[in-house]
Structures are given as structure tokens and as C-alpha cells.
Amino acid sequence: MANSPALQRIQELTTEINYHNHRYYILDDPTLSDSQYDSLFRELKKLEEENPHLLTNSSPTQRVGASPSQGFLPAIHKLPMLSLGNAFDDTGVQSWHTRISNLLGYSDFSMSCELKIDGLAVSLIYENGILIRGATRGNGSTGEDVTQNLRTVRSIPLTLLGSPTAHLEVRGEVYMPVESFNQLNEARAANGEPLFANPRNSGAGTIRQLDPKITASRNMEIWVYSLGQNENEFTPDNHWDSLEWLKSLGFRVNPHNHRCTSLREVFDYYSNWVVERRNLPYQTDGVVIKVDLFNDQQTLGIVGREPRWAVAYKFPAEQAITKLLDIGINVGRTGSLNPYAMLQPVIVSGATVRYASLHNEEDIQRKDIRIGDWVTIERAGDVIPHVVGPISERRTVEAVIFKMPEYCPICNTRVIKLDEDAMHRCPNTGCPAQFFELLKHFVSKGAMDIDGLGEKWCQILISEDLVHQVSDIYSLKKHQLLTLDRMGDTLADKILSNIASSKERPLPRILFALGIFHVGAEVSDLLCGRFNSIGDLAGAYAHELEDIPGIGPKISESITNYFRVPGNIAVINSLAESGVKLEQAFSETRLSANIEDKEWHGLTFVITGTLSSMTRREAESRVKALGGNTTSSVTKNTDFLVAGESAGSKLSRATQLGTTTLNETEFVTFLHNPSAAFIR
């Protein structure tokens with residue numbers, strides 16, 4: 001087998017085609033004509049068809065896209081994918097540079113300046129030079145495994161050049177070129193389909209298509225911008241050299257990157273690209289500035305989810321003048337009535353703008369914006385347009401003062417406006433406009449955690465008329481699910497099993513899942529420390545709610561308004577009839593006792609990483625139920641760090657400070673024997 005002519009020729013063709021792919025897609029310097037390349041590709045494909053046992057995932061022929069997926073698996077990032085802090089002017093960058101200089105003890109450090117590509121951040125993992133996983137950023141700790149889709153991006157090498165290391169992770173930005181975006185919209189217009197808003201959203205949606213063939217058809221590209229987790233003997237000591245090394249392995253690194261040794265050079269680079277970005281074939285929304293030396297990056301560390309050693313200097317928003325034709329109303333998940341401007345189409349930052357944000361009624365009145373006015377609009381960050389204000393001197397007598405509607409434009413429920421709330425709201429959670437967002441929230445991980453029911457399936461269940469309120473989830477039957485396109489027997493069983501399991505969620509999770517305005521995870525914990533059931537809470541008066549520390553008039557008013565809506569009560573009754581546990585045992589309501597009497601009173605915990613037996617929020621609730629405090633950062637006042645999987649920098653900080661660290665098993669043991677925390 002090893003010496004078969006077919007295998008030998010396949011290996012020769014694969015090597016040759018990979019070489020020419022690199023010259024075409026990475027170096028933009030092809031040495032073959034299209035017909036010559038096609039001839040090699042056809043020969044390879046024919047050999048693989050004749051010898052299917054020799055076909056591998058790393059073959060150049062496998063970029064066309066695999067069969068459609070039923071969904072994306074989670075992909076855990078061993079090294080978190082961080083977000084960036086922003087600066088909007090030279091003063092902001094100067095302040096960042098001064099902070100870094102003070103922390104490092106010197107100011108003449110070199111910096112890498114890179115165009116901030118307006119796309120989707122991804123992680124690529126290679127084993128022995130072969131691409132084995134591609135994932136989205138997600139929440140920074142866990143993304144989605146979109147390997148099959150990323151294989152279709154031709155500027156992502158499936159096999160690395162040279163002598164790659166056993167394990168290598170790189171990070172990059174996948175994007176849709178402007179030309180590809182325009183072609184896509186032209187095709188959609190020709191088919192009578194709605195147009196996509198901008199290349200970034202279109203590109204992000206393309207990478208998350210369940211059918212890789214759709215991704216393959218849209219000509220996505222990538223710029224690789226950093227090393228991720230890297231296990232090798234070659235370790236560059238700075239970011240710039242690491243990019244040069246990645247280029248040698250066949251990765252596409254932006255040629256406009258620039259190494260700077262002073263802030264003056266940084267400002268010159270930025271000023272140049274404020275103008276020149278319009279000539280690029282892709283969209284950018286700023287410049288990323290990074291401290292170059294890895295040792296300095298390690299010293300500076302991170303704050304929250306942002307590295308201290310990098311900042312995004314955003315490009316200024318662009319403005320245009322157009323006519324405000326009308327003001328429409330959208331209804332959001334929490335029932336907020338969101339006014340938006342309907343504009344005479346105008347081009348801003350290379351995109352045609354027809355709609356823009358107007359924030360709320362008070363903002364409209366403060367700016368004195370009237371229907372029929374000529375207005376200035378602005379695209380902040382080249383993405384979200386909003387109305388800056390009217391051009392009063394061009395106002396005519398026909399201009400109309402805007403008034404918010406008294407009734408929801410979707411379900412005709414009377415609109416309410418709470419004290420100190422800038423938004424008008426529809427209090428009916430059964431309102432169709434709110435329902436899709438509410439259903440996504442209800443099934444999400446922090447709420448009922450019904451794994452398998454992602455955004456796409458929520459949309460399908462609604463469109464197929466299978467759910468009209470969140471409680472309908474518990475009435476779904478297997479035969480109904482199997483009628484849905486791409487729903488298989490295994491997935492249907494998984495979804496139904498997870499739906500059944502969710503009936504036993506703790507009461508705070510259920511309360512949070514209802515989507516009551518102002519009732520987030522922490523407020524839910526507080527309420528369930530005082531009330532033993534949803535029924536008890538529904539019957540509570542405002543003064544009873546406000547007696548709870550942390551519950552003020554705004555929250556109490558929102559809660560009482562929620563339980564006054566008959567449709568909301570109907571949903572709760574339906575949940576109870578379906579077997580969802582809407583009450584808790586007395587032993588679970590530990591927060592109602594005096595905090596000073598609790599076992600962990602005076603102890604401070606930090607919980608980091610991924611826990612297998614509970615969510616982080618549940619762990620924090622258990623700590624608070626025992627009288628302890630939880631914080632987000634490790635300091636000298638931290639008593640315990642609970643370290644789950646992929647704990648990261650907080651674990652390192654705890655080690656430096658000598659803070660007691662508990663693994664998940666030890667933490668759970670303490671929960672069952674709280675007094676043990678004092679004798680450890």
C-alpha cells in the first residue's frame with residue numbers, strides 16, 4: 001500500500017496543488033494558469049474517486065464542503081480568546097501608553113500596529129501540520145466547532161509548509177471581501193430576497209451556516225493575526241517575529257502590519273489608514289496596537305476579558321445628510337418599544353443606509369427630531385447608523401412631532417413606562433415580537449439550559465407553529481420534531497430528554513428564564529431567598545419586595561407589572577401543569593436567614609474556569625446561600641479560589657498571592673460540609 005502508484009501520485013499532486021494554492025491565495029503570485037491548475041485538480045479528484053480509501057480530510061479536494069450539519073458542537077479554548085478595549089482619539093491612546101509605561105517601568109517599548117479587520121475571530125488548531133479544528137470565538141472560553149465550514153476558506157491552509165510543530169494554534173479574522181459581499185447582494189436582489197446589511201454580519205452568518213457548501217460559495221478570506229496555544233521548541237520572544245514565522249508556515253498575514261517604536265509612528269500609521277482604508281478590498285474599523293515583547297505582555301496581563309497590552313484605536317464615524325421619511329417601532333425581547341428612523345437612502349462609509357437608530361422618545365424630544373426633517377446620520381464603527389440630530393434651518397412647516405404609541409403595535413396591549421425608565425414597554429411576554437427573543441433566553445444555558453435547542457431551532461419551532469409560548473416546549477412530541485427538516489431521531493431524543501431534565505432546574509433559574517424585565521440572575525437569587533415559590537412571588541406587594549436588600553422600586557414595579565398581565569399568569573400555570581418545579585424546599589431558601597448566622601459569613605470566593613457539576617452562577621449562588629461573598633478578581637482579600645477547567649490567569653494570580661485554591665471536588669465537599677472551610 002505504502003508504495004502503490006496511486007498513493008504516490010496522490011501525494012505528489014497534493015504537494016503540488018498545496019504549493020500553488022499558497023502562491024495564489026497567500027502570496028497573490030500564481031505561477032500556473034487556471035487551466036493548468038484545473039488539470040492537476042481534476043487528476044487528483046479522479047484518483048481519489050477511484051481509490052476512496054486514500055482520501056483524507058486534508059486533501060485540497062475537500063474544500064468544496066461536506067454534508068449539512070445538524071448543529072455545531074462546543075469548542076473549548078484552552079487559552080481564552082480575549083476581546084479588546086477601545087480608544088477613540090489620540091488622548092485615549094496616549095493614556096493607554098502611559099499606563100503601560102508605568103506598569104513596565106520604561107516607555108520605549110516597540111509596538112505592532114495592525115488593521116482591525118471587520119470580520120469573525122476564529123481559532124485554528126493543527127496537529128502535525130494538519131488542520132484538525134476550527135472554532136469561533138464564542139464567549140471567549142467556549143466557541144462553536146465550525147471546522148467543516150472553515151475548510152472551505154481557501155486562504156486557510158489545510159496542511160502547513162516547512163516543519164510545523166506537533167501542536168499549533170493560531171488566531172485570525174475570517175471576513176467577506178467587499179466584492180464578494182456586493183456579488184452576494186446582487187444575486188439576492190435578482191432573486192427577490194432581502195439584502196444583507198454589511199460584509200461583517202454576512203461573513204459571520206456564512207461561517208455559521210449548517211451547510212458548508214453555502215460557506216464555500218461565498219469566497220471568504222482570512223488574515224491570521226496571532227499565535228494561540230503553542231507547544232513547540234521554537235518560541236519567538238515577540239509578536240512581530242511570531243507573525244513572520246507563521247507566514248513561513250503558509251498562513252496569510254496582513255502585509256500592512258507595521259512595527260512602531262514610538263507613539264508618533266503609531267499616530268502616523270493610524271492617520272494614513274483613516275484615509276487609505278477606503279481603497280482596501282475589505283472592511284476595517286480601526287487599528288490594533290499591541291505591545292511587541294511576549295515577556296512584557298505576560299507582565300501586563302489581562303483585566304477581565306481584555307489584555308492590558310493591546311488596544312483598538314477605532315476609526316472615526318462617518319456622517320451624511322438625508323431626509324427622515326418616518327419613524328417606525330420595533331418591539332424587543334423585554335418589551336421595549338424601540339423607535340427607528342426610516343430614511344431616504346444615502347451612502348455612508350461605502351454602505352447604503354435606509355434605517356437608523358433613534359434610541360428612545362426622550363432622546364428624540366431632546367434633539368427635537370421631527371418626521372420630515374433633514375437629519376445628520378452617523379455610522380459608529382462603520383456598522384450601526386444612528387441619527388445625530390436635525391438640520392433645523394432646513395425644517396419645513398410639514399415636519400411632524402413624534403409621539404410614542406399608547407398600544408403595542410404588534411399585540412395591541414397597553415404600553416407602560418416605568419418611573420426612571422427611558423423606554424416604553426409592552427408588558428405582554430406573549431407578544432409575538434418579543435417571543436422569539438424570549439424563547440432563546442428561556443432555553444439558554446444560564447436559564448433552563450435545554451441543550452440542542454439553539455437559536456435556529458427556536459426559530460423553526462415558531463415558524464412551524466409548534467410553540468406559541470415558552471410553556472409549549474414541554475408539550476412537544478417526538479413525531480412533531482421528526483417532521484422538521486434536518487431533525488434526526490438521535491437529535492429529537494436528545495432534545496426531548498433535555499426538556500424533561502429542565503423541569504428540575506432550581507427556582508432561581510426558572511425565575512430568570514421567565515425574562516421579567518430587571519430580573520437577572522442575581523435578582524432571581526435574592527427573590528428566591530425570600531419567596532419559596534413563583535406563586536408566593538406573584539402575590540407579593542411592592543413593599544414586601546423592597547424589604548429585600550438589593551431590590552428597589554424600579555425592580556419591584558417591574559415584577560408587579562409582570563404578574564398583572566393575564567397572559568404571563570397563563571404561561572406560569574401551564575409550566576406548572578407540565579411538571580416544571582415552581583417551588584423549592586425550605587432548605588433551599590437559605591438566603592432568608594440572617595446573613596451573620598451563615599457558615600461562610602466573612603469569606604470571599606472567586607470562581608473561575610468551567611465546572612462540570614454546576615454553572616458558575618449556580619456556584620456563586622451556593623456560596624451566597626452560605627453567607628459568603630463572591631468577586632470577579634483575585635486580591636489579597638480573597639479567601640478561596642475555586643478553579644474549574646481552563647482556569648487561566650486568575651489561578652496564576654492566586655498562586656502568586658498564596659490564596660487557597662480549591663478544585664471542583666474540594667469545593668463540592670465544602671458545600672456539603674461548610675464548616676470545613678474554617679479548618680482547612
# chains A, B, ... in the order shown; residues from 1 in each chain; ligands from 1

call {"tool": "select_by_dssp", "arguments": {"residues": "stretch 251-309 of chain A", "states": "strand (DSSP E or B)", "output": "PyMOL selection string"}}
result
chain A and resi 258-260+284-291+293+302-303+306-307

call {"tool": "closest_atom_pairs", "arguments": {"of": "stretch 67-164 of chain A", "to": "stretch 176-183 of chain A", "cutoff": "10 Å", "atoms": "only C-alpha atoms", "output": "Markdown table"}}
result
| residue | atom | partner | partner_atom | distance |
| --- | --- | --- | --- | --- |
| A:Asp118 | CA | A:Met176 | CA | 8.9 |
| A:Gly119 | CA | A:Met176 | CA | 7.3 |
| A:Leu120 | CA | A:Met176 | CA | 9.4 |

call {"tool": "closest_residue", "arguments": {"among": "A:Thr159, A:Thr31, A:Ser632, A:Ser613", "to": "A:Gly250", "atoms": "only C-alpha atoms"}}
result
A:Thr159

call {"tool": "residues_around", "arguments": {"residues": "A:Asn86", "least_positions_apart": "4", "cutoff": "7 Å", "atoms": "only C-alpha atoms", "output": "list in words"}}
result
Val311, Ala312, Tyr313 and Lys314 of chain A

call {"tool": "select_by_dssp", "arguments": {"residues": "stretch 170-339 of chain A", "states": "alpha helix (DSSP H)", "output": "CSV table (one decimal) with N, CA and C atoms, in the first residue's frame"}}
result
chain,number,residue,atom,x,y,z
A,178,VAL,N,-15.3,42.8,0.1
A,178,VAL,CA,-16.4,43.7,-0.3
A,178,VAL,C,-16.9,43.3,-1.6
A,179,GLU,N,-16.1,42.8,-2.6
A,179,GLU,CA,-16.6,42.4,-3.9
A,179,GLU,C,-17.5,41.2,-3.7
A,180,SER,N,-17.1,40.2,-2.9
A,180,SER,CA,-18.0,39.1,-2.6
A,180,SER,C,-19.3,39.5,-2.0
A,181,PHE,N,-19.3,40.4,-1.1
A,181,PHE,CA,-20.5,40.9,-0.5
A,181,PHE,C,-21.4,41.6,-1.5
A,182,ASN,N,-20.8,42.4,-2.4
A,182,ASN,CA,-21.6,43.0,-3.4
A,182,ASN,C,-22.2,42.0,-4.4
A,183,GLN,N,-21.5,41.0,-4.8
A,183,GLN,CA,-22.0,40.0,-5.6
A,183,GLN,C,-23.1,39.2,-5.0
A,184,LEU,N,-22.9,38.9,-3.7
A,184,LEU,CA,-24.0,38.2,-2.9
A,184,LEU,C,-25.3,39.0,-2.9
A,185,ASN,N,-25.2,40.3,-2.6
A,185,ASN,CA,-26.4,41.1,-2.6
A,185,ASN,C,-27.0,41.2,-4.0
A,186,GLU,N,-26.2,41.3,-5.0
A,186,GLU,CA,-26.8,41.4,-6.4
A,186,GLU,C,-27.6,40.1,-6.7
A,187,ALA,N,-27.0,39.0,-6.3
A,187,ALA,CA,-27.7,37.7,-6.5
A,187,ALA,C,-29.0,37.7,-5.7
A,188,ARG,N,-29.0,38.1,-4.5
A,188,ARG,CA,-30.2,38.1,-3.7
A,188,ARG,C,-31.2,39.1,-4.2
A,189,ALA,N,-30.8,40.2,-4.7
A,189,ALA,CA,-31.8,41.2,-5.3
A,189,ALA,C,-32.4,40.6,-6.5
A,190,ALA,N,-31.6,39.9,-7.3
A,190,ALA,CA,-32.2,39.3,-8.5
A,190,ALA,C,-33.2,38.2,-8.2
A,199,PRO,N,-20.8,43.5,5.1
A,199,PRO,CA,-19.9,42.3,5.0
A,199,PRO,C,-19.7,41.6,6.3
A,200,ARG,N,-19.6,42.3,7.4
A,200,ARG,CA,-19.2,41.7,8.6
A,200,ARG,C,-20.4,40.7,9.1
A,201,ASN,N,-21.6,41.2,9.1
A,201,ASN,CA,-22.7,40.3,9.5
A,201,ASN,C,-22.9,39.2,8.5
A,202,SER,N,-22.7,39.5,7.2
A,202,SER,CA,-22.9,38.4,6.2
A,202,SER,C,-21.8,37.4,6.4
A,203,GLY,N,-20.6,37.8,6.7
A,203,GLY,CA,-19.5,36.9,6.8
A,203,GLY,C,-19.7,36.0,8.1
A,204,ALA,N,-20.1,36.6,9.2
A,204,ALA,CA,-20.3,35.8,10.4
A,204,ALA,C,-21.4,34.8,10.2
A,205,GLY,N,-22.5,35.2,9.5
A,205,GLY,CA,-23.5,34.3,9.2
A,205,GLY,C,-23.1,33.2,8.3
A,206,THR,N,-22.2,33.5,7.4
A,206,THR,CA,-21.7,32.5,6.4
A,206,THR,C,-20.9,31.4,7.1
A,207,ILE,N,-20.1,31.8,8.1
A,207,ILE,CA,-19.3,30.8,8.8
A,207,ILE,C,-20.2,29.9,9.7
A,212,PRO,N,-22.0,23.5,4.7
A,212,PRO,CA,-20.7,24.0,4.3
A,212,PRO,C,-20.6,24.5,2.9
A,213,LYS,N,-21.5,23.9,2.0
A,213,LYS,CA,-21.5,24.3,0.6
A,213,LYS,C,-21.9,25.7,0.4
A,214,ILE,N,-22.7,26.2,1.3
A,214,ILE,CA,-23.1,27.7,1.3
A,214,ILE,C,-21.9,28.5,1.6
A,215,THR,N,-21.1,28.1,2.7
A,215,THR,CA,-19.9,28.8,3.0
A,215,THR,C,-18.9,28.8,1.9
A,216,ALA,N,-18.8,27.6,1.2
A,216,ALA,CA,-17.8,27.5,0.1
A,216,ALA,C,-18.2,28.4,-1.0
A,239,HIS,N,5.9,39.3,19.3
A,239,HIS,CA,4.7,39.1,18.4
A,239,HIS,C,5.1,39.3,17.0
A,240,TRP,N,5.9,40.3,16.6
A,240,TRP,CA,6.3,40.5,15.2
A,240,TRP,C,7.0,39.3,14.6
A,241,ASP,N,7.9,38.7,15.3
A,241,ASP,CA,8.6,37.6,14.8
A,241,ASP,C,7.7,36.4,14.7
A,242,SER,N,6.8,36.3,15.6
A,242,SER,CA,5.8,35.1,15.5
A,242,SER,C,5.0,35.2,14.3
A,243,LEU,N,4.6,36.4,13.8
A,243,LEU,CA,3.9,36.6,12.6
A,243,LEU,C,4.7,36.2,11.4
A,244,GLU,N,6.0,36.6,11.4
A,244,GLU,CA,6.9,36.2,10.3
A,244,GLU,C,7.0,34.7,10.3
A,245,TRP,N,7.1,34.0,11.4
A,245,TRP,CA,7.2,32.6,11.5
A,245,TRP,C,5.9,31.9,10.9
A,246,LEU,N,4.8,32.5,11.3
A,246,LEU,CA,3.5,31.9,10.8
A,246,LEU,C,3.4,32.1,9.2
A,247,LYS,N,3.9,33.2,8.7
A,247,LYS,CA,4.0,33.3,7.3
A,247,LYS,C,4.8,32.2,6.6
A,248,SER,N,5.9,31.8,7.2
A,248,SER,CA,6.8,30.8,6.7
A,248,SER,C,6.1,29.4,6.7
A,263,LEU,N,5.1,56.4,19.9
A,263,LEU,CA,3.7,56.8,19.7
A,263,LEU,C,3.5,57.7,18.4
A,264,ARG,N,4.5,58.4,18.1
A,264,ARG,CA,4.4,59.3,16.9
A,264,ARG,C,4.2,58.4,15.6
A,265,GLU,N,5.0,57.3,15.6
A,265,GLU,CA,4.8,56.3,14.5
A,265,GLU,C,3.4,55.7,14.5
A,266,VAL,N,2.9,55.4,15.7
A,266,VAL,CA,1.6,54.8,15.8
A,266,VAL,C,0.5,55.8,15.2
A,267,PHE,N,0.6,57.1,15.6
A,267,PHE,CA,-0.3,58.1,15.1
A,267,PHE,C,-0.2,58.3,13.6
A,268,ASP,N,1.0,58.2,13.1
A,268,ASP,CA,1.2,58.4,11.7
A,268,ASP,C,0.5,57.2,10.9
A,269,TYR,N,0.7,56.0,11.4
A,269,TYR,CA,0.1,54.8,10.8
A,269,TYR,C,-1.4,54.9,10.8
A,270,TYR,N,-1.9,55.3,12.0
A,270,TYR,CA,-3.4,55.5,12.1
A,270,TYR,C,-3.9,56.5,11.1
A,271,SER,N,-3.3,57.7,11.1
A,271,SER,CA,-3.8,58.8,10.2
A,271,SER,C,-3.8,58.4,8.8
A,272,ASN,N,-2.8,57.6,8.4
A,272,ASN,CA,-2.7,57.2,7.0
A,272,ASN,C,-3.9,56.3,6.6
A,273,TRP,N,-4.2,55.3,7.5
A,273,TRP,CA,-5.2,54.4,7.2
A,273,TRP,C,-6.7,54.9,7.4
A,274,VAL,N,-6.8,56.0,8.2
A,274,VAL,CA,-8.1,56.7,8.2
A,274,VAL,C,-8.6,57.0,6.8
A,275,VAL,N,-7.6,57.4,6.0
A,275,VAL,CA,-7.9,57.8,4.6
A,275,VAL,C,-7.8,56.6,3.7
A,276,GLU,N,-6.7,55.8,3.8
A,276,GLU,CA,-6.5,54.8,2.8
A,276,GLU,C,-7.4,53.6,2.9
A,294,PHE,N,6.7,39.4,24.2
A,294,PHE,CA,5.8,38.5,24.9
A,294,PHE,C,6.0,38.6,26.4
A,295,ASN,N,7.3,38.8,26.9
A,295,ASN,CA,7.5,38.9,28.3
A,295,ASN,C,6.8,40.1,28.9
A,296,ASP,N,6.8,41.2,28.1
A,296,ASP,CA,6.0,42.4,28.5
A,296,ASP,C,4.5,42.1,28.6
A,297,GLN,N,4.0,41.4,27.6
A,297,GLN,CA,2.6,41.0,27.6
A,297,GLN,C,2.3,40.2,28.8
A,298,GLN,N,3.2,39.3,29.2
A,298,GLN,CA,2.9,38.4,30.4
A,298,GLN,C,2.9,39.3,31.6
A,299,THR,N,3.8,40.2,31.7
A,299,THR,CA,3.9,41.1,32.9
A,299,THR,C,2.6,42.0,33.0
A,300,LEU,N,2.1,42.5,31.9
A,300,LEU,CA,1.0,43.3,31.9
A,300,LEU,C,-0.3,42.6,32.2

call {"tool": "closest_residue", "arguments": {"among": "A:Asp326, A:Glu173, A:Asp472, A:Asp421", "to": "A:Val253", "atoms": "only C-alpha atoms"}}
result
A:Glu173

call {"tool": "closest_residue", "arguments": {"among": "A:Thr413, A:Ser475, A:Ser110, A:Val153", "to": "A:Arg259", "atoms": "only C-alpha atoms"}}
result
A:Ser110

call {"tool": "closest_residue", "arguments": {"among": "A:Leu54, A:Leu482, A:Ile510, A:Ala433", "to": "A:Ala576", "atoms": "only C-alpha atoms"}}
result
A:Ile510

call {"tool": "residues_around", "arguments": {"residues": "A:His258", "least_positions_apart": "3", "cutoff": "8 Å", "atoms": "only C-alpha atoms", "output": "ChimeraX atom specification"}}
result
/A:112-114,269

call {"tool": "closest_residue", "arguments": {"among": "A:Asn561, A:Leu514, A:Leu343, A:Arg379", "to": "A:Val415", "atoms": "only C-alpha atoms"}}
result
A:Asn561

call {"tool": "residues_around", "arguments": {"residues": "stretch 5-9 of chain A", "least_positions_apart": "6", "cutoff": "9 Å", "atoms": "only C-alpha atoms", "output": "PyMOL selection string"}}
result
chain A and resi 44+47-48+51+54

call {"tool": "write_last_selection", "arguments": {"atoms": "C-alpha atoms", "output": "PDB file, in the first residue's frame"}}
result
ATOM      1  CA  LEU A  44      -6.284  14.329  -8.054  1.00  0.00           C
ATOM      2  CA  LEU A  47      -7.590   9.296  -8.369  1.00  0.00           C
ATOM      3  CA  GLU A  48      -9.404   9.803  -5.041  1.00  0.00           C
ATOM      4  CA  ASN A  51      -9.266   4.964  -4.525  1.00  0.00           C
ATOM      5  CA  LEU A  54      -6.790   7.076   0.091  1.00  0.00           C
TER       6      LEU A  54
END

call {"tool": "atom_distance", "arguments": {"atom1": "atom CA of A:Glu169", "atom2": "atom CA of A:Val288"}}
result
20.4 Å

call {"tool": "atom_distance", "arguments": {"atom1": "atom CA of A:Pro52", "atom2": "atom CA of A:Ile130"}}
result
19.3 Å

call {"tool": "atom_distance", "arguments": {"atom1": "atom CA of A:Ala643", "atom2": "atom CA of A:Asn663"}}
result
5.3 Å

call {"tool": "closest_residue", "arguments": {"among": "A:Leu249, A:Val93, A:Val400, A:Ile569", "to": "A:Pro164", "atoms": "only C-alpha atoms"}}
result
A:Leu249

call {"tool": "residues_around", "arguments": {"residues": "A:Ser612", "least_positions_apart": "2", "cutoff": "10 Å", "atoms": "only C-alpha atoms", "output": "PyMOL selection string"}}
result
chain A and resi 609-610+614-616+644-645+664

call {"tool": "residues_around", "arguments": {"residues": "A:Gln94", "least_positions_apart": "2", "cutoff": "12 Å", "atoms": "only C-alpha atoms", "output": "ChimeraX atom specification"}}
result
/A:87-92,96-101,107,262-264,266-267,289,311,313

call {"tool": "write_last_selection", "arguments": {"atoms": "N, CA and C atoms", "output": "PDB file, in the first residue's frame"}}
result
ATOM      1  N   ALA A  87     -10.025  52.741  22.148  1.00  0.00           N
ATOM      2  CA  ALA A  87      -9.680  54.161  22.260  1.00  0.00           C
ATOM      3  C   ALA A  87     -10.260  54.856  21.035  1.00  0.00           C
ATOM      4  N   PHE A  88     -10.709  56.100  21.215  1.00  0.00           N
ATOM      5  CA  PHE A  88     -11.395  56.789  20.125  1.00  0.00           C
ATOM      6  C   PHE A  88     -10.683  58.071  19.691  1.00  0.00           C
ATOM      7  N   ASP A  89      -9.580  58.402  20.351  1.00  0.00           N
ATOM      8  CA  ASP A  89      -8.814  59.573  19.947  1.00  0.00           C
ATOM      9  C   ASP A  89      -7.372  59.412  20.422  1.00  0.00           C
ATOM     10  N   ASP A  90      -6.514  60.356  20.012  1.00  0.00           N
ATOM     11  CA  ASP A  90      -5.101  60.275  20.389  1.00  0.00           C
ATOM     12  C   ASP A  90      -4.913  60.301  21.905  1.00  0.00           C
ATOM     13  N   THR A  91      -5.782  61.057  22.595  1.00  0.00           N
ATOM     14  CA  THR A  91      -5.667  61.158  24.049  1.00  0.00           C
ATOM     15  C   THR A  91      -5.888  59.799  24.709  1.00  0.00           C
ATOM     16  N   GLY A  92      -6.872  59.046  24.180  1.00  0.00           N
ATOM     17  CA  GLY A  92      -7.136  57.714  24.717  1.00  0.00           C
ATOM     18  C   GLY A  92      -5.955  56.780  24.529  1.00  0.00           C
ATOM     19  N   TRP A  96      -3.454  55.080  27.389  1.00  0.00           N
ATOM     20  CA  TRP A  96      -3.120  53.650  27.410  1.00  0.00           C
ATOM     21  C   TRP A  96      -1.605  53.462  27.455  1.00  0.00           C
ATOM     22  N   HIS A  97      -0.880  54.209  26.628  1.00  0.00           N
ATOM     23  CA  HIS A  97       0.575  54.090  26.560  1.00  0.00           C
ATOM     24  C   HIS A  97       1.215  54.485  27.893  1.00  0.00           C
ATOM     25  N   THR A  98       0.670  55.512  28.538  1.00  0.00           N
ATOM     26  CA  THR A  98       1.208  55.961  29.822  1.00  0.00           C
ATOM     27  C   THR A  98       1.005  54.896  30.893  1.00  0.00           C
ATOM     28  N   ARG A  99      -0.186  54.280  30.906  1.00  0.00           N
ATOM     29  CA  ARG A  99      -0.446  53.213  31.881  1.00  0.00           C
ATOM     30  C   ARG A  99       0.522  52.055  31.678  1.00  0.00           C
ATOM     31  N   ILE A 100       0.731  51.679  30.421  1.00  0.00           N
ATOM     32  CA  ILE A 100       1.625  50.559  30.126  1.00  0.00           C
ATOM     33  C   ILE A 100       3.054  50.904  30.547  1.00  0.00           C
ATOM     34  N   SER A 101       3.478  52.116  30.238  1.00  0.00           N
ATOM     35  CA  SER A 101       4.836  52.553  30.595  1.00  0.00           C
ATOM     36  C   SER A 101       5.049  52.496  32.097  1.00  0.00           C
ATOM     37  N   SER A 107       9.338  53.262  28.737  1.00  0.00           N
ATOM     38  CA  SER A 107       8.358  53.727  27.753  1.00  0.00           C
ATOM     39  C   SER A 107       8.788  53.527  26.304  1.00  0.00           C
ATOM     40  N   SER A 262       7.580  54.188  18.547  1.00  0.00           N
ATOM     41  CA  SER A 262       7.154  55.388  19.273  1.00  0.00           C
ATOM     42  C   SER A 262       5.678  55.646  18.999  1.00  0.00           C
ATOM     43  N   LEU A 263       5.058  56.435  19.873  1.00  0.00           N
ATOM     44  CA  LEU A 263       3.659  56.806  19.659  1.00  0.00           C
ATOM     45  C   LEU A 263       3.497  57.653  18.403  1.00  0.00           C
ATOM     46  N   ARG A 264       4.511  58.433  18.068  1.00  0.00           N
ATOM     47  CA  ARG A 264       4.425  59.253  16.859  1.00  0.00           C
ATOM     48  C   ARG A 264       4.246  58.370  15.628  1.00  0.00           C
ATOM     49  N   VAL A 266       2.923  55.391  15.655  1.00  0.00           N
ATOM     50  CA  VAL A 266       1.574  54.823  15.760  1.00  0.00           C
ATOM     51  C   VAL A 266       0.542  55.793  15.206  1.00  0.00           C
ATOM     52  N   PHE A 267       0.633  57.057  15.604  1.00  0.00           N
ATOM     53  CA  PHE A 267      -0.337  58.056  15.148  1.00  0.00           C
ATOM     54  C   PHE A 267      -0.231  58.284  13.642  1.00  0.00           C
ATOM     55  N   ILE A 289      -3.267  48.045  18.357  1.00  0.00           N
ATOM     56  CA  ILE A 289      -1.912  48.348  18.808  1.00  0.00           C
ATOM     57  C   ILE A 289      -1.540  47.336  19.889  1.00  0.00           C
ATOM     58  N   VAL A 311      -4.761  47.498  22.524  1.00  0.00           N
ATOM     59  CA  VAL A 311      -5.918  48.395  22.481  1.00  0.00           C
ATOM     60  C   VAL A 311      -6.324  48.589  21.026  1.00  0.00           C
ATOM     61  N   TYR A 313      -7.682  51.175  18.419  1.00  0.00           N
ATOM     62  CA  TYR A 313      -7.890  52.605  18.147  1.00  0.00           C
ATOM     63  C   TYR A 313      -8.899  52.679  17.003  1.00  0.00           C
TER      64      TYR A 313
END

call {"tool": "decode", "arguments": {"residues": "stretch 628-640 of chain A", "atoms": "N, CA and C atoms", "output": "compact mmCIF listing (two decimals), in the first residue's frame"}}
result
# COMPACT_ATOMS: atom_id res chain seq x y z
N GLY A 628 -21.34 33.64 52.16
CA GLY A 628 -20.09 34.13 51.61
C GLY A 628 -20.29 35.21 50.58
N ASN A 629 -19.20 35.84 50.20
CA ASN A 629 -19.20 36.84 49.13
C ASN A 629 -18.48 36.25 47.92
N THR A 630 -18.86 36.73 46.72
CA THR A 630 -18.13 36.35 45.51
C THR A 630 -17.70 37.62 44.79
N THR A 631 -16.49 37.59 44.26
CA THR A 631 -15.97 38.70 43.47
C THR A 631 -15.40 38.15 42.17
N SER A 632 -15.11 39.06 41.24
CA SER A 632 -14.63 38.63 39.93
C SER A 632 -13.12 38.63 39.80
N SER A 633 -12.41 39.23 40.75
CA SER A 633 -10.95 39.29 40.64
C SER A 633 -10.29 38.82 41.93
N VAL A 634 -9.10 38.24 41.79
CA VAL A 634 -8.35 37.72 42.93
C VAL A 634 -7.51 38.84 43.53
N THR A 635 -7.69 39.10 44.83
CA THR A 635 -6.91 40.10 45.55
C THR A 635 -6.39 39.48 46.84
N LYS A 636 -5.68 40.28 47.61
CA LYS A 636 -5.15 39.77 48.89
C LYS A 636 -6.27 39.47 49.88
N ASN A 637 -7.48 39.98 49.60
CA ASN A 637 -8.61 39.73 50.49
C ASN A 637 -9.42 38.50 50.09
N THR A 638 -9.01 37.82 49.02
CA THR A 638 -9.71 36.61 48.59
C THR A 638 -9.32 35.44 49.48
N ASP A 639 -10.33 34.74 50.02
CA ASP A 639 -10.06 33.60 50.88
C ASP A 639 -9.87 32.31 50.08
N PHE A 640 -10.72 32.10 49.06
CA PHE A 640 -10.65 30.86 48.27
C PHE A 640 -10.83 31.17 46.79
